[in-house]
$ cat entry-v7.pdb   # PDB, C-alpha atoms, pLDDT in the B column
ATOM      1  CA  MET A   1       0.000   0.000   0.000  1.00 50.00           C
ATOM      2  CA  ASN A   2       1.922   3.022  -1.260  1.00 60.00           C
ATOM      3  CA  ASN A   3      -0.901   5.580  -1.528  1.00 83.00           C
ATOM      4  CA  LEU A   4      -0.954   6.675   2.107  1.00 94.00           C
ATOM      5  CA  LYS A   5      -3.498   9.481   2.531  1.00 96.00           C
ATOM      6  CA  ILE A   6      -2.057  12.025   4.969  1.00 97.00           C
ATOM      7  CA  LEU A   7      -4.270  14.868   6.190  1.00 98.00           C
ATOM      8  CA  TYR A   8      -1.728  16.417   8.569  1.00 98.00           C
ATOM      9  CA  GLU A   9       1.760  15.767   9.891  1.00 98.00           C
ATOM     10  CA  ASP A  10       4.242  17.467  12.207  1.00 97.00           C
ATOM     11  CA  ASN A  11       6.929  16.301  14.645  1.00 97.00           C
ATOM     12  CA  HIS A  12       4.338  15.104  17.168  1.00 98.00           C
ATOM     13  CA  ILE A  13       1.392  13.556  15.325  1.00 98.00           C
ATOM     14  CA  ILE A  14       0.304  12.243  11.948  1.00 98.00           C
ATOM     15  CA  VAL A  15      -3.330  12.188  10.807  1.00 98.00           C
ATOM     16  CA  VAL A  16      -4.209   9.698   8.069  1.00 98.00           C
ATOM     17  CA  VAL A  17      -7.177   8.065   6.354  1.00 97.00           C
ATOM     18  CA  LYS A  18      -7.385   4.315   6.963  1.00 96.00           C
ATOM     19  CA  PRO A  19      -8.875   2.465   3.997  1.00 93.00           C
ATOM     20  CA  PRO A  20     -11.545  -0.180   4.655  1.00 92.00           C
ATOM     21  CA  ASN A  21     -10.248  -3.708   5.325  1.00 92.00           C
ATOM     22  CA  VAL A  22      -6.830  -2.552   6.544  1.00 95.00           C
ATOM     23  CA  LEU A  23      -5.909  -3.259  10.165  1.00 94.00           C
ATOM     24  CA  SER A  24      -5.249  -0.372  12.571  1.00 94.00           C
ATOM     25  CA  GLN A  25      -2.351  -2.413  13.978  1.00 91.00           C
ATOM     26  CA  SER A  26      -0.968  -5.892  13.319  1.00 88.00           C
ATOM     27  CA  ASP A  27      -2.645  -9.054  14.581  1.00 86.00           C
ATOM     28  CA  ASN A  28      -2.101 -12.799  14.220  1.00 83.00           C
ATOM     29  CA  THR A  29      -3.162 -12.740  10.549  1.00 87.00           C
ATOM     30  CA  ASN A  30       0.062 -10.959   9.575  1.00 85.00           C
ATOM     31  CA  ASP A  31      -1.959  -8.867   7.122  1.00 91.00           C
ATOM     32  CA  ILE A  32      -0.874  -5.332   6.273  1.00 91.00           C
ATOM     33  CA  ASP A  33      -1.698  -2.727   8.939  1.00 95.00           C
ATOM     34  CA  MET A  34      -1.613   1.046   9.256  1.00 97.00           C
ATOM     35  CA  LEU A  35       0.953   1.127  12.062  1.00 96.00           C
ATOM     36  CA  THR A  36       3.473  -0.738   9.912  1.00 95.00           C
ATOM     37  CA  ILE A  37       2.649   1.317   6.813  1.00 96.00           C
ATOM     38  CA  ILE A  38       3.139   4.648   8.604  1.00 97.00           C
ATOM     39  CA  LYS A  39       6.328   3.521  10.341  1.00 96.00           C
ATOM     40  CA  LYS A  40       7.792   2.559   6.970  1.00 95.00           C
ATOM     41  CA  TYR A  41       6.763   5.917   5.509  1.00 96.00           C
ATOM     42  CA  ILE A  42       8.407   7.843   8.373  1.00 96.00           C
ATOM     43  CA  LYS A  43      11.561   5.739   8.257  1.00 95.00           C
ATOM     44  CA  GLU A  44      11.997   6.245   4.519  1.00 94.00           C
ATOM     45  CA  LYS A  45      10.999   9.921   4.333  1.00 93.00           C
ATOM     46  CA  TYR A  46      13.180  11.076   7.219  1.00 92.00           C
ATOM     47  CA  GLU A  47      15.896   8.426   6.766  1.00 90.00           C
ATOM     48  CA  LYS A  48      15.581   7.356  10.383  1.00 89.00           C
ATOM     49  CA  PRO A  49      17.945   4.643  11.607  1.00 88.00           C
ATOM     50  CA  GLY A  50      16.701   1.858  13.865  1.00 88.00           C
ATOM     51  CA  ASN A  51      13.139   1.436  15.031  1.00 91.00           C
ATOM     52  CA  VAL A  52      10.578   4.187  14.468  1.00 94.00           C
ATOM     53  CA  TYR A  53       8.291   5.069  17.390  1.00 96.00           C
ATOM     54  CA  LEU A  54       4.606   5.374  16.532  1.00 97.00           C
ATOM     55  CA  GLY A  55       1.886   5.316  19.158  1.00 97.00           C
ATOM     56  CA  LEU A  56      -1.559   3.866  18.519  1.00 97.00           C
ATOM     57  CA  VAL A  57      -4.081   5.853  20.588  1.00 96.00           C
ATOM     58  CA  HIS A  58      -7.375   4.694  19.063  1.00 94.00           C
ATOM     59  CA  ARG A  59      -8.584   2.049  16.622  1.00 93.00           C
ATOM     60  CA  LEU A  60     -11.059   1.442  13.845  1.00 94.00           C
ATOM     61  CA  ASP A  61     -12.503  -2.006  13.158  1.00 90.00           C
ATOM     62  CA  ARG A  62     -10.786  -3.685  10.238  1.00 92.00           C
ATOM     63  CA  PRO A  63     -13.700  -3.311   7.756  1.00 92.00           C
ATOM     64  CA  VAL A  64     -14.266   0.339   8.725  1.00 94.00           C
ATOM     65  CA  GLY A  65     -12.441   3.188   6.979  1.00 94.00           C
ATOM     66  CA  GLY A  66     -11.832   6.682   8.229  1.00 96.00           C
ATOM     67  CA  ILE A  67      -9.623   9.255   9.918  1.00 98.00           C
ATOM     68  CA  MET A  68      -7.070   8.183  12.504  1.00 98.00           C
ATOM     69  CA  VAL A  69      -4.371  10.056  14.408  1.00 98.00           C
ATOM     70  CA  TYR A  70      -1.131   8.366  15.442  1.00 98.00           C
ATOM     71  CA  ALA A  71       1.419   9.782  17.898  1.00 98.00           C
ATOM     72  CA  LYS A  72       5.031  10.243  16.814  1.00 97.00           C
ATOM     73  CA  THR A  73       6.301  10.630  20.395  1.00 97.00           C
ATOM     74  CA  SER A  74       5.463   8.901  23.675  1.00 97.00           C
ATOM     75  CA  LYS A  75       4.495  12.244  25.250  1.00 97.00           C
ATOM     76  CA  SER A  76       1.980  12.888  22.450  1.00 98.00           C
ATOM     77  CA  ALA A  77       0.607   9.365  22.808  1.00 98.00           C
ATOM     78  CA  SER A  78       0.090   9.848  26.540  1.00 98.00           C
ATOM     79  CA  ARG A  79      -1.656  13.203  26.129  1.00 98.00           C
ATOM     80  CA  LEU A  80      -3.933  12.016  23.329  1.00 98.00           C
ATOM     81  CA  SER A  81      -4.831   8.890  25.319  1.00 97.00           C
ATOM     82  CA  GLU A  82      -5.754  11.119  28.256  1.00 97.00           C
ATOM     83  CA  GLN A  83      -8.111  13.102  26.017  1.00 97.00           C
ATOM     84  CA  ILE A  84      -9.771   9.860  24.943  1.00 94.00           C
ATOM     85  CA  ARG A  85     -10.201   8.782  28.574  1.00 93.00           C
ATOM     86  CA  ASN A  86     -11.651  12.214  29.437  1.00 93.00           C
ATOM     87  CA  ARG A  87     -13.902  12.095  26.336  1.00 91.00           C
ATOM     88  CA  THR A  88     -12.578  15.386  25.016  1.00 94.00           C
ATOM     89  CA  PHE A  89     -11.334  13.567  21.906  1.00 96.00           C
ATOM     90  CA  LYS A  90     -14.364  13.639  19.594  1.00 95.00           C
ATOM     91  CA  LYS A  91     -15.153  11.241  16.758  1.00 94.00           C
ATOM     92  CA  GLU A  92     -17.968  11.432  14.244  1.00 96.00           C
ATOM     93  CA  TYR A  93     -19.039   8.844  11.703  1.00 97.00           C
ATOM     94  CA  ILE A  94     -21.297   8.518   8.728  1.00 96.00           C
ATOM     95  CA  ALA A  95     -23.119   5.290   8.019  1.00 96.00           C
ATOM     96  CA  VAL A  96     -25.715   3.868   5.679  1.00 95.00           C
ATOM     97  CA  VAL A  97     -28.361   1.835   7.490  1.00 96.00           C
ATOM     98  CA  HIS A  98     -31.180  -0.333   6.257  1.00 96.00           C
ATOM     99  CA  GLY A  99     -34.635   1.180   6.469  1.00 96.00           C
ATOM    100  CA  LEU A 100     -36.023   4.691   6.815  1.00 96.00           C
ATOM    101  CA  LEU A 101     -35.693   5.988  10.359  1.00 96.00           C
ATOM    102  CA  LYS A 102     -38.873   7.566  11.715  1.00 92.00           C
ATOM    103  CA  ASN A 103     -36.993  10.034  13.912  1.00 94.00           C
ATOM    104  CA  LYS A 104     -34.717  12.269  11.864  1.00 95.00           C
ATOM    105  CA  LYS A 105     -32.497  12.835  14.881  1.00 97.00           C
ATOM    106  CA  GLY A 106     -32.122  11.137  18.209  1.00 97.00           C
ATOM    107  CA  SER A 107     -29.938   9.385  20.753  1.00 98.00           C
ATOM    108  CA  LEU A 108     -29.256   5.730  21.474  1.00 98.00           C
ATOM    109  CA  GLU A 109     -28.285   4.500  24.920  1.00 97.00           C
ATOM    110  CA  ASN A 110     -27.669   0.873  25.845  1.00 97.00           C
ATOM    111  CA  TYR A 111     -25.427  -1.333  27.930  1.00 97.00           C
ATOM    112  CA  ILE A 112     -23.014  -3.415  25.877  1.00 97.00           C
ATOM    113  CA  LEU A 113     -21.038  -6.510  26.806  1.00 96.00           C
ATOM    114  CA  LYS A 114     -18.024  -7.592  24.763  1.00 94.00           C
ATOM    115  CA  ARG A 115     -17.876 -11.370  24.503  1.00 94.00           C
ATOM    116  CA  SER A 116     -14.892 -13.686  24.198  1.00 93.00           C
ATOM    117  CA  ASP A 117     -15.672 -14.405  20.518  1.00 92.00           C
ATOM    118  CA  ASN A 118     -15.021 -10.728  19.617  1.00 89.00           C
ATOM    119  CA  THR A 119     -18.716  -9.893  19.286  1.00 92.00           C
ATOM    120  CA  SER A 120     -20.817  -7.653  21.500  1.00 94.00           C
ATOM    121  CA  VAL A 121     -24.361  -7.910  22.815  1.00 95.00           C
ATOM    122  CA  ILE A 122     -26.903  -5.574  24.352  1.00 96.00           C
ATOM    123  CA  CYS A 123     -27.366  -6.463  28.007  1.00 94.00           C
ATOM    124  CA  ASP A 124     -28.376  -4.981  31.368  1.00 94.00           C
ATOM    125  CA  SER A 125     -26.488  -2.478  33.485  1.00 91.00           C
ATOM    126  CA  LYS A 126     -25.076  -5.184  35.772  1.00 91.00           C
ATOM    127  CA  LYS A 127     -23.167  -6.939  32.988  1.00 93.00           C
ATOM    128  CA  GLY A 128     -22.400  -4.271  30.410  1.00 94.00           C
ATOM    129  CA  LYS A 129     -20.872  -0.833  30.007  1.00 96.00           C
ATOM    130  CA  ILE A 130     -22.892   2.226  29.059  1.00 96.00           C
ATOM    131  CA  ALA A 131     -22.902   3.085  25.344  1.00 96.00           C
ATOM    132  CA  LYS A 132     -24.208   6.422  24.060  1.00 96.00           C
ATOM    133  CA  LEU A 133     -24.401   8.105  20.671  1.00 97.00           C
ATOM    134  CA  ASN A 134     -26.337  10.853  18.898  1.00 98.00           C
ATOM    135  CA  TYR A 135     -27.459  10.536  15.292  1.00 98.00           C
ATOM    136  CA  LYS A 136     -29.027  12.632  12.560  1.00 97.00           C
ATOM    137  CA  VAL A 137     -30.511  11.467   9.252  1.00 97.00           C
ATOM    138  CA  ILE A 138     -28.906  13.496   6.457  1.00 94.00           C
ATOM    139  CA  ASN A 139     -30.270  11.722   3.385  1.00 94.00           C
ATOM    140  CA  GLN A 140     -32.512   8.828   2.373  1.00 94.00           C
ATOM    141  CA  ASP A 141     -32.759   6.479  -0.591  1.00 92.00           C
ATOM    142  CA  LEU A 142     -36.462   5.680  -0.846  1.00 93.00           C
ATOM    143  CA  LYS A 143     -35.992   3.303  -3.763  1.00 92.00           C
ATOM    144  CA  ASN A 144     -33.514   1.082  -1.926  1.00 91.00           C
ATOM    145  CA  ASN A 145     -34.926   1.694   1.563  1.00 94.00           C
ATOM    146  CA  LEU A 146     -31.676   3.097   2.982  1.00 94.00           C
ATOM    147  CA  SER A 147     -30.778   6.028   5.228  1.00 95.00           C
ATOM    148  CA  LEU A 148     -27.541   7.995   5.448  1.00 95.00           C
ATOM    149  CA  VAL A 149     -26.889   9.029   9.049  1.00 97.00           C
ATOM    150  CA  SER A 150     -24.330  11.208  10.800  1.00 97.00           C
ATOM    151  CA  ILE A 151     -23.237   9.832  14.177  1.00 98.00           C
ATOM    152  CA  GLU A 152     -21.616  11.550  17.135  1.00 96.00           C
ATOM    153  CA  LEU A 153     -19.982   8.882  19.265  1.00 93.00           C
ATOM    154  CA  LEU A 154     -20.169   9.728  22.977  1.00 92.00           C
ATOM    155  CA  THR A 155     -18.578   6.499  24.238  1.00 91.00           C
ATOM    156  CA  GLY A 156     -16.233   4.061  22.554  1.00 88.00           C
ATOM    157  CA  ARG A 157     -17.593   0.574  23.144  1.00 92.00           C
ATOM    158  CA  HIS A 158     -16.714  -2.458  21.060  1.00 92.00           C
ATOM    159  CA  HIS A 159     -18.809  -2.530  17.837  1.00 95.00           C
ATOM    160  CA  GLN A 160     -21.013   0.115  19.445  1.00 96.00           C
ATOM    161  CA  ILE A 161     -22.469   1.793  16.345  1.00 97.00           C
ATOM    162  CA  ARG A 162     -23.050  -1.498  14.592  1.00 96.00           C
ATOM    163  CA  ILE A 163     -24.861  -3.200  17.447  1.00 97.00           C
ATOM    164  CA  GLN A 164     -26.891  -0.179  18.574  1.00 98.00           C
ATOM    165  CA  PHE A 165     -28.382   0.421  15.128  1.00 98.00           C
ATOM    166  CA  SER A 166     -28.991  -3.299  14.674  1.00 97.00           C
ATOM    167  CA  ASN A 167     -30.795  -3.277  18.010  1.00 97.00           C
ATOM    168  CA  ILE A 168     -33.368  -0.723  16.746  1.00 97.00           C
ATOM    169  CA  GLY A 169     -33.978  -2.674  13.533  1.00 96.00           C
ATOM    170  CA  HIS A 170     -31.716  -0.598  11.269  1.00 97.00           C
ATOM    171  CA  PRO A 171     -28.491  -2.592  10.819  1.00 97.00           C
ATOM    172  CA  LEU A 172     -25.668  -1.047   8.833  1.00 96.00           C
ATOM    173  CA  PHE A 173     -25.497  -1.781   5.142  1.00 94.00           C
ATOM    174  CA  GLY A 174     -22.893  -4.491   4.611  1.00 93.00           C
ATOM    175  CA  ASP A 175     -22.620  -5.461   8.274  1.00 94.00           C
ATOM    176  CA  GLN A 176     -22.510  -9.234   7.990  1.00 91.00           C
ATOM    177  CA  ARG A 177     -21.995  -9.747  11.713  1.00 92.00           C
ATOM    178  CA  TYR A 178     -24.966  -7.801  13.087  1.00 95.00           C
ATOM    179  CA  GLY A 179     -27.029  -7.299   9.931  1.00 93.00           C
ATOM    180  CA  TYR A 180     -27.703  -9.164   6.706  1.00 89.00           C
ATOM    181  CA  GLN A 181     -25.499 -11.660   4.873  1.00 80.00           C
ATOM    182  CA  ASP A 182     -25.367  -9.500   1.745  1.00 78.00           C
ATOM    183  CA  LYS A 183     -21.574  -9.795   1.289  1.00 82.00           C
ATOM    184  CA  LYS A 184     -21.139  -6.054   0.757  1.00 88.00           C
ATOM    185  CA  GLN A 185     -18.532  -3.691   2.180  1.00 89.00           C
ATOM    186  CA  ILE A 186     -19.794  -2.220   5.445  1.00 93.00           C
ATOM    187  CA  ALA A 187     -20.977   1.385   5.004  1.00 94.00           C
ATOM    188  CA  LEU A 188     -19.403   2.922   8.101  1.00 96.00           C
ATOM    189  CA  PHE A 189     -16.749   5.620   7.951  1.00 96.00           C
ATOM    190  CA  SER A 190     -15.071   7.818  10.559  1.00 96.00           C
ATOM    191  CA  ASN A 191     -15.330  11.143   8.750  1.00 96.00           C
ATOM    192  CA  LYS A 192     -14.426  13.655  11.456  1.00 97.00           C
ATOM    193  CA  ILE A 193     -12.178  13.870  14.517  1.00 97.00           C
ATOM    194  CA  LYS A 194     -11.546  16.725  16.948  1.00 97.00           C
ATOM    195  CA  PHE A 195      -8.867  16.958  19.613  1.00 98.00           C
ATOM    196  CA  ILE A 196      -6.370  19.318  21.238  1.00 98.00           C
ATOM    197  CA  HIS A 197      -2.868  19.172  19.802  1.00 98.00           C
ATOM    198  CA  PRO A 198      -0.748  17.369  22.421  1.00 97.00           C
ATOM    199  CA  THR A 199       2.017  20.021  22.492  1.00 97.00           C
ATOM    200  CA  LYS A 200       0.713  23.137  20.746  1.00 96.00           C
ATOM    201  CA  LYS A 201      -2.568  23.013  22.712  1.00 96.00           C
ATOM    202  CA  GLU A 202      -4.447  24.147  19.611  1.00 97.00           C
ATOM    203  CA  LYS A 203      -7.849  22.816  18.582  1.00 98.00           C
ATOM    204  CA  MET A 204      -7.462  20.372  15.717  1.00 98.00           C
ATOM    205  CA  GLU A 205     -10.329  19.272  13.468  1.00 98.00           C
ATOM    206  CA  PHE A 206     -10.174  17.022  10.422  1.00 98.00           C
ATOM    207  CA  GLU A 207     -12.932  15.996   8.040  1.00 96.00           C
ATOM    208  CA  TYR A 208     -12.859  13.542   5.148  1.00 95.00           C
ATOM    209  CA  TYR A 209     -15.530  11.665   3.213  1.00 92.00           C
ATOM    210  CA  PRO A 210     -15.236   8.293   1.466  1.00 86.00           C
ATOM    211  CA  LYS A 211     -15.143   8.103  -2.288  1.00 76.00           C
ATOM    212  CA  GLU A 212     -18.283   6.831  -3.970  1.00 64.00           C
ATOM    213  CA  GLN A 213     -16.455   4.003  -5.692  1.00 56.00           C
ATOM    214  CA  GLU A 214     -15.566   2.476  -2.319  1.00 61.00           C
ATOM    215  CA  ASN A 215     -19.185   1.483  -1.861  1.00 67.00           C
ATOM    216  CA  GLU A 216     -22.113   2.090  -4.174  1.00 71.00           C
ATOM    217  CA  VAL A 217     -24.291   3.405  -1.336  1.00 77.00           C
ATOM    218  CA  TRP A 218     -21.993   6.373  -0.670  1.00 83.00           C
ATOM    219  CA  LYS A 219     -23.652   8.133  -3.617  1.00 82.00           C
ATOM    220  CA  MET A 220     -26.083   9.514  -1.013  1.00 80.00           C
ATOM    221  CA  ILE A 221     -23.293  11.736   0.293  1.00 80.00           C
ATOM    222  CA  LYS A 222     -23.659  14.012  -2.732  1.00 70.00           C
ATOM    223  CA  ASN A 223     -24.805  17.548  -1.876  1.00 59.00           C
ATOM    224  CA  VAL A 224     -24.881  16.893   1.883  1.00 61.00           C
ATOM    225  CA  LYS A 225     -21.268  17.615   2.856  1.00 53.00           C
TER     226      LYS A 225
END
$ encode --input "entry-v7.pdb" --output "structure tokens"
Amino acid sequence: MNNLKILYEDNHIIVVVKPPNVLSQSDNTNDIDMLTIIKKYIKEKYEKPGNVYLGLVHRLDRPVGGIMVYAKTSKSASRLSEQIRNRTFKKEYIAVVHGLLKNKKGSLENYILKRSDNTSVICDSKKGKIAKLNYKVINQDLKNNLSLVSIELLTGRHHQIRIQFSNIGHPLFGDQRYGYQDKKQIALFSNKIKFIHPTKKEKMEFEYYPKEQENEVWKMIKNVK
């Protein structure tokens, strides 16, 4: 993968767009991952000897594309991780879901339990962790019975968006785990992040939308950016 999409870079952080089906970091599959890709880029561009430090501070599920920020120093990694813990690090997503939502905007709140098989389930407050998000319908495809929604993630639970929309009867398009076995690419994309620069203390905001060719349903993004 040589076409690394970089939205911003300085001595402390690098903000990139992760393509769908690329790992955020390596796992036991030994498939290509963003951490390795970016390390190689930094090593070659700056002719760095030895190992390159790159801190992973948040993740996206393998099938999900979108904006990610990686830390180029341990201090930056620590400060960004603190923002995530304090929920001052903001992430927004767009998704295409099956069906036409009756409420054009709303909130979803559930308790979610992550299971040992890497799936999650809705459960009660004794077993699970609180999961919250806000959503807004920004376009609809009446012919194909699909809705394009903007999502503000308030907590970061495992498979949260996917399972919460499935729970209300509107699973994500292409979500073969919690939706339909339609063998399509999942229509979920992290299109916006906001955080405070770990050293400059400036407000940082990045926005990026997927290309239509990545999934035929993204055509609904037209004229709504």
$ closest_residue --input "entry-v7.pdb" --among "A:Tyr53, A:Tyr46, A:Trp218, A:Phe189" --to "Ile13 in chain A" --atoms "all atoms listed in the file"
A:Tyr53
$ resolve_selection --input "entry-v7.pdb" --expression "the PyMOL selection byres ((chain A and resi 144-160) around 8)" --output "ChimeraX atom specification"
/A:61,87,90-101,112,114,119-120,129-143,161-164,220-221
$ residues_around --input "entry-v7.pdb" --residues "Asn167 in chain A" --least-positions-apart "5" --cutoff "10 Å" --atoms "only C-alpha atoms" --output "number ranges by chain"
A: 108, 110, 121-122, 161-162, 178-179
$ residues_around --input "entry-v7.pdb" --residues "Glu207 in chain A" --least-positions-apart "3" --cutoff "7 Å" --atoms "all atoms listed in the file" --output "ChimeraX atom specification"
/A:191-193
$ resolve_selection --input "entry-v7.pdb" --expression "the PyMOL selection byres ((chain A and resi 21) around 9)" --output "list in words"
Lys18, Pro19, Pro20, Val22, Leu23, Asp61, Arg62, Pro63, Val64, Gly65 and Gln185 of chain A
$ write_last_selection --input "entry-v7.pdb" --atoms "C-alpha atoms" --output "PDB file, in the frame of the given file"
ATOM      1  CA  LYS A  18      -7.385   4.315   6.963  1.00 96.00           C
ATOM      2  CA  PRO A  19      -8.875   2.465   3.997  1.00 93.00           C
ATOM      3  CA  PRO A  20     -11.545  -0.180   4.655  1.00 92.00           C
ATOM      4  CA  VAL A  22      -6.830  -2.552   6.544  1.00 95.00           C
ATOM      5  CA  LEU A  23      -5.909  -3.259  10.165  1.00 94.00           C
ATOM      6  CA  ASP A  61     -12.503  -2.006  13.158  1.00 90.00           C
ATOM      7  CA  ARG A  62     -10.786  -3.685  10.238  1.00 92.00           C
ATOM      8  CA  PRO A  63     -13.700  -3.311   7.756  1.00 92.00           C
ATOM      9  CA  VAL A  64     -14.266   0.339   8.725  1.00 94.00           C
ATOM     10  CA  GLY A  65     -12.441   3.188   6.979  1.00 94.00           C
ATOM     11  CA  GLN A 185     -18.532  -3.691   2.180  1.00 89.00           C
TER      12      GLN A 185
END
$ atom_distance --input "entry-v7.pdb" --atom1 "CA of Tyr70 in chain A" --atom2 "CA of Ile14 in chain A"
5.4 Å
$ resolve_selection --input "entry-v7.pdb" --expression "the PyMOL selection byres ((chain A and resi 69) around 10)" --output "list in words"
Ile6, Leu7, Tyr8, Glu9, Ile13, Ile14, Val15, Val16, Val17, Lys18, Gly55, Leu56, Val57, His58, Arg59, Ile67, Met68, Tyr70, Ala71, Lys72, Ala77, Leu80, Ile193, Phe195 and Phe206 of chain A
$ closest_residue --input "entry-v7.pdb" --among "A:Lys126, A:Lys43, A:Lys184, A:His12" --to "Glu216 in chain A" --atoms "all atoms listed in the file"
A:Lys184
$ atom_distance --input "entry-v7.pdb" --atom1 "CA of Gln181 in chain A" --atom2 "CA of Gly169 in chain A"
15.1 Å
$ atom_distance --input "entry-v7.pdb" --atom1 "CA of Asp27 in chain A" --atom2 "CA of Lys183 in chain A"
23.1 Å
$ closest_residue --input "entry-v7.pdb" --among "A:Glu205, A:Asp117, A:Glu44, A:Asp175" --to "Phe89 in chain A" --atoms "only C-alpha atoms"
A:Glu205
$ closest_residue --input "entry-v7.pdb" --among "A:Gln25, A:Lys104, A:Lys127, A:Tyr208" --to "Leu60 in chain A" --atoms "only C-alpha atoms"
A:Gln25
